[in-house]
$ cat target_6.cif   # mmCIF, C-alpha atoms
data_model
loop_
_atom_site.group_PDB
_atom_site.id
_atom_site.type_symbol
_atom_site.label_atom_id
_atom_site.label_comp_id
_atom_site.auth_asym_id
_atom_site.auth_seq_id
_atom_site.Cartn_x
_atom_site.Cartn_y
_atom_site.Cartn_z
ATOM 1 C CA MET A 1 0.000 0.000 0.000
ATOM 2 C CA LYS A 2 2.851 2.397 0.834
ATOM 3 C CA LYS A 3 4.465 1.587 -2.512
ATOM 4 C CA PHE A 4 1.215 2.402 -4.334
ATOM 5 C CA LEU A 5 0.847 5.760 -2.499
ATOM 6 C CA GLY A 6 4.494 6.614 -3.274
ATOM 7 C CA ILE A 7 4.011 5.948 -6.975
ATOM 8 C CA LEU A 8 0.743 7.926 -6.963
ATOM 9 C CA LEU A 9 2.497 10.875 -5.289
ATOM 10 C CA VAL A 10 5.314 10.807 -7.879
ATOM 11 C CA LEU A 11 2.776 10.745 -10.723
ATOM 12 C CA ILE A 12 0.869 13.720 -9.277
ATOM 13 C CA ILE A 13 4.082 15.736 -8.885
ATOM 14 C CA ALA A 14 5.127 14.849 -12.450
ATOM 15 C CA ALA A 15 1.715 15.953 -13.762
ATOM 16 C CA LEU A 16 1.987 19.279 -11.909
ATOM 17 C CA ILE A 17 5.478 19.911 -13.289
ATOM 18 C CA ALA A 18 4.314 19.049 -16.818
ATOM 19 C CA ALA A 19 1.339 21.430 -16.469
ATOM 20 C CA LEU A 20 3.623 24.197 -15.175
ATOM 21 C CA ILE A 21 5.982 23.801 -18.096
ATOM 22 C CA TYR A 22 3.194 23.620 -20.676
ATOM 23 C CA PHE A 23 1.061 26.533 -19.472
ATOM 24 C CA LYS A 24 3.547 28.930 -17.853
ATOM 25 C CA GLY A 25 6.748 28.116 -19.661
ATOM 26 C CA PHE A 26 9.930 27.163 -17.870
ATOM 27 C CA GLY A 27 13.319 28.244 -19.092
ATOM 28 C CA GLY A 28 12.099 28.935 -22.622
ATOM 29 C CA PHE A 29 9.967 25.820 -22.904
ATOM 30 C CA GLY A 30 6.214 25.671 -22.887
ATOM 31 C CA LYS A 31 3.208 27.064 -24.666
ATOM 32 C CA ASP A 32 3.665 30.530 -26.272
ATOM 33 C CA SER A 33 7.293 30.886 -25.207
ATOM 34 C CA GLY A 34 10.038 31.919 -27.578
ATOM 35 C CA GLU A 35 7.986 33.549 -30.334
ATOM 36 C CA GLY A 36 6.258 36.107 -28.189
ATOM 37 C CA LYS A 37 2.725 37.317 -28.602
ATOM 38 C CA LYS A 38 1.653 39.939 -31.122
ATOM 39 C CA ASP A 39 0.691 42.447 -28.431
ATOM 40 C CA ASP A 40 3.902 42.086 -26.427
ATOM 41 C CA VAL A 41 5.465 45.477 -25.788
ATOM 42 C CA SER A 42 8.915 46.166 -24.451
ATOM 43 C CA VAL A 43 9.367 48.139 -21.252
ATOM 44 C CA SER A 44 10.806 51.166 -23.069
ATOM 45 C CA GLN A 45 7.816 51.334 -25.412
ATOM 46 C CA THR A 46 5.431 51.140 -22.485
ATOM 47 C CA THR A 47 7.282 53.901 -20.627
ATOM 48 C CA GLU A 48 7.314 56.184 -23.661
ATOM 49 C CA SER A 49 3.587 55.757 -24.280
ATOM 50 C CA THR A 50 2.809 56.387 -20.596
ATOM 51 C CA GLU A 51 4.906 59.559 -20.583
ATOM 52 C CA ALA A 52 3.210 60.793 -23.749
ATOM 53 C CA SER A 53 -0.266 60.210 -22.350
ATOM 54 C CA THR A 54 0.698 61.920 -19.074
ATOM 55 C CA GLU A 55 1.864 64.997 -20.971
ATOM 56 C CA ALA A 56 -1.363 65.094 -22.985
ATOM 57 C CA THR A 57 -3.452 64.820 -19.815
ATOM 58 C CA THR A 58 -1.492 67.593 -18.134
ATOM 59 C CA THR A 59 -2.039 70.003 -21.014
ATOM 60 C CA ASP A 60 -5.772 69.198 -21.077
ATOM 61 C CA GLU A 61 -6.053 69.860 -17.355
ATOM 62 C CA GLU A 62 -4.184 73.151 -17.680
ATOM 63 C CA LYS A 63 -6.747 74.379 -20.191
ATOM 64 C CA THR A 64 -9.749 73.808 -17.935
ATOM 65 C CA GLU A 65 -9.916 75.071 -14.387
ATOM 66 C CA THR A 66 -11.785 72.994 -11.849
ATOM 67 C CA ALA A 67 -13.377 73.815 -8.518
ATOM 68 C CA GLU A 68 -14.996 71.564 -5.948
ATOM 69 C CA ILE A 69 -17.592 72.938 -3.562
ATOM 70 C CA THR A 70 -19.100 70.848 -0.778
ATOM 71 C CA VAL A 71 -22.421 71.789 0.775
ATOM 72 C CA SER A 72 -22.947 70.494 4.303
ATOM 73 C CA GLY A 73 -26.015 71.644 6.194
ATOM 74 C CA HIS A 74 -26.163 75.392 5.540
ATOM 75 C CA ASP A 75 -22.378 75.721 5.026
ATOM 76 C CA TYR A 76 -20.220 75.911 1.918
ATOM 77 C CA LEU A 77 -16.761 74.301 1.938
ATOM 78 C CA PHE A 78 -14.252 75.444 -0.680
ATOM 79 C CA ASN A 79 -10.469 74.801 -0.548
ATOM 80 C CA ASN A 80 -10.928 73.215 2.903
ATOM 81 C CA GLU A 81 -12.438 76.434 4.280
ATOM 82 C CA LYS A 82 -15.942 77.080 5.564
ATOM 83 C CA MET A 83 -17.373 80.102 3.713
ATOM 84 C CA THR A 84 -20.474 82.193 3.406
ATOM 85 C CA LEU A 85 -22.202 82.467 0.053
ATOM 86 C CA GLU A 86 -20.780 85.969 -0.447
ATOM 87 C CA ALA A 87 -17.185 84.870 0.271
ATOM 88 C CA LEU A 88 -17.626 81.840 -1.962
ATOM 89 C CA THR A 89 -18.992 84.047 -4.737
ATOM 90 C CA ALA A 90 -15.889 86.237 -4.507
ATOM 91 C CA GLU A 91 -13.623 83.171 -4.815
ATOM 92 C CA ILE A 92 -15.573 81.720 -7.729
ATOM 93 C CA ALA A 93 -15.523 85.066 -9.545
ATOM 94 C CA LYS A 94 -11.730 84.647 -9.825
ATOM 95 C CA LEU A 95 -12.223 81.528 -11.961
ATOM 96 C CA ASP A 96 -12.647 81.411 -15.717
ATOM 97 C CA LYS A 97 -16.269 81.266 -16.934
ATOM 98 C CA GLU A 98 -15.527 77.881 -18.559
ATOM 99 C CA ALA A 99 -14.308 76.330 -15.277
ATOM 100 C CA GLN A 100 -15.694 72.927 -14.345
ATOM 101 C CA ILE A 101 -17.429 73.293 -10.974
ATOM 102 C CA THR A 102 -18.495 70.246 -8.995
ATOM 103 C CA ILE A 103 -21.036 70.726 -6.214
ATOM 104 C CA THR A 104 -21.126 67.843 -3.752
ATOM 105 C CA SER A 105 -23.863 67.770 -1.148
ATOM 106 C CA ASP A 106 -23.912 65.403 1.796
ATOM 107 C CA ASP A 107 -26.925 63.968 3.614
ATOM 108 C CA THR A 108 -27.247 67.004 5.879
ATOM 109 C CA ALA A 109 -27.204 69.587 3.073
ATOM 110 C CA ALA A 110 -30.246 71.816 2.946
ATOM 111 C CA LYS A 111 -31.889 71.876 -0.477
ATOM 112 C CA ASN A 112 -32.339 75.643 -0.413
ATOM 113 C CA THR A 113 -28.593 76.066 0.314
ATOM 114 C CA VAL A 114 -27.700 74.114 -2.813
ATOM 115 C CA ASP A 115 -30.353 75.979 -4.802
ATOM 116 C CA GLU A 116 -28.975 79.361 -3.652
ATOM 117 C CA LEU A 117 -25.520 78.314 -4.851
ATOM 118 C CA THR A 118 -26.708 77.140 -8.260
ATOM 119 C CA ASP A 119 -28.785 80.306 -8.682
ATOM 120 C CA LYS A 120 -25.710 82.405 -7.864
ATOM 121 C CA LEU A 121 -23.593 80.421 -10.358
ATOM 122 C CA ASP A 122 -26.219 80.998 -13.055
ATOM 123 C CA GLU A 123 -26.307 84.688 -12.175
ATOM 124 C CA LEU A 124 -22.509 84.928 -12.500
ATOM 125 C CA GLY A 125 -22.577 83.150 -15.883
ATOM 126 C CA TYR A 126 -21.078 79.791 -14.872
ATOM 127 C CA LYS A 127 -22.857 77.051 -16.794
ATOM 128 C CA ASN A 128 -20.330 74.192 -16.402
ATOM 129 C CA TYR A 129 -21.363 72.910 -13.014
ATOM 130 C CA LYS A 130 -22.703 69.569 -11.921
ATOM 131 C CA LYS A 131 -24.343 68.454 -8.705
ATOM 132 C CA LEU A 132 -23.336 65.223 -6.982
ATOM 133 C CA ASP A 133 -24.704 63.560 -3.878
ATOM 134 C CA LYS A 134 -22.491 61.711 -1.421
#

$ encode --input "target_6.cif" --output "structure tokens"
Amino acid sequence: MKKFLGILLVLIIAALIAALIYFKGFGGFGKDSGEGKKDDVSVSQTTESTEASTEATTTDEEKTETAEITVSGHDYLFNNEKMTLEALTAEIAKLDKEAQITITSDDTAAKNTVDELTDKLDELGYKNYKKLDK
């Protein structure tokens, strides 16, 4: 019985090694090793394409200003500061009219507080704003 279990164990280990070689490749042997795949890319090509896409993203972001405003209860939070609507209006007026403004309101935000802000943005001529809920 021990001899049978020993032989069975050796056969299982041999099958695992054969599967490893066939599917993963081992030292140049195995499925899809040697020739390379059509979509294989060298590290330098990958780095160059990543750098190029990073530069393109940076120039796109430089063109469009963004601002994030959080409404919590009856308060406005902008640049990690609690502000009144008048102070917030003064800060927003410094931005370009094409700036992307994101208004995030939490569960405690009063609807009329958010409405006052959107009315003020419309009055100032900012049309690129979107409202999000947390």

$ resolve_selection --input "target_6.cif" --expression "the PyMOL selection byres ((chain A and resi 106-123) around 10)" --output "VMD selection string"
chain A and resid 69 to 76 85 to 86 88 to 89 92 to 93 97 101 103 to 105 124 to 134

$ residues_around --input "target_6.cif" --residues "A:Thr66" --least-positions-apart "6" --cutoff "9 Å" --atoms "only C-alpha atoms" --output "number ranges by chain"
A: 95, 99-102

$ write_last_selection --input "target_6.cif" --atoms "C-alpha atoms" --output "PDB file, in the frame of the given file"
ATOM      1  CA  LEU A  95     -12.223  81.528 -11.961  1.00  0.00           C
ATOM      2  CA  ALA A  99     -14.308  76.330 -15.277  1.00  0.00           C
ATOM      3  CA  GLN A 100     -15.694  72.927 -14.345  1.00  0.00           C
ATOM      4  CA  ILE A 101     -17.429  73.293 -10.974  1.00  0.00           C
ATOM      5  CA  THR A 102     -18.495  70.246  -8.995  1.00  0.00           C
TER       6      THR A 102
END

$ closest_residue --input "target_6.cif" --among "A:Leu5, A:Ile17, A:Ala67, A:Leu11" --to "A:Asn79" --atoms "all atoms listed in the file"
A:Ala67
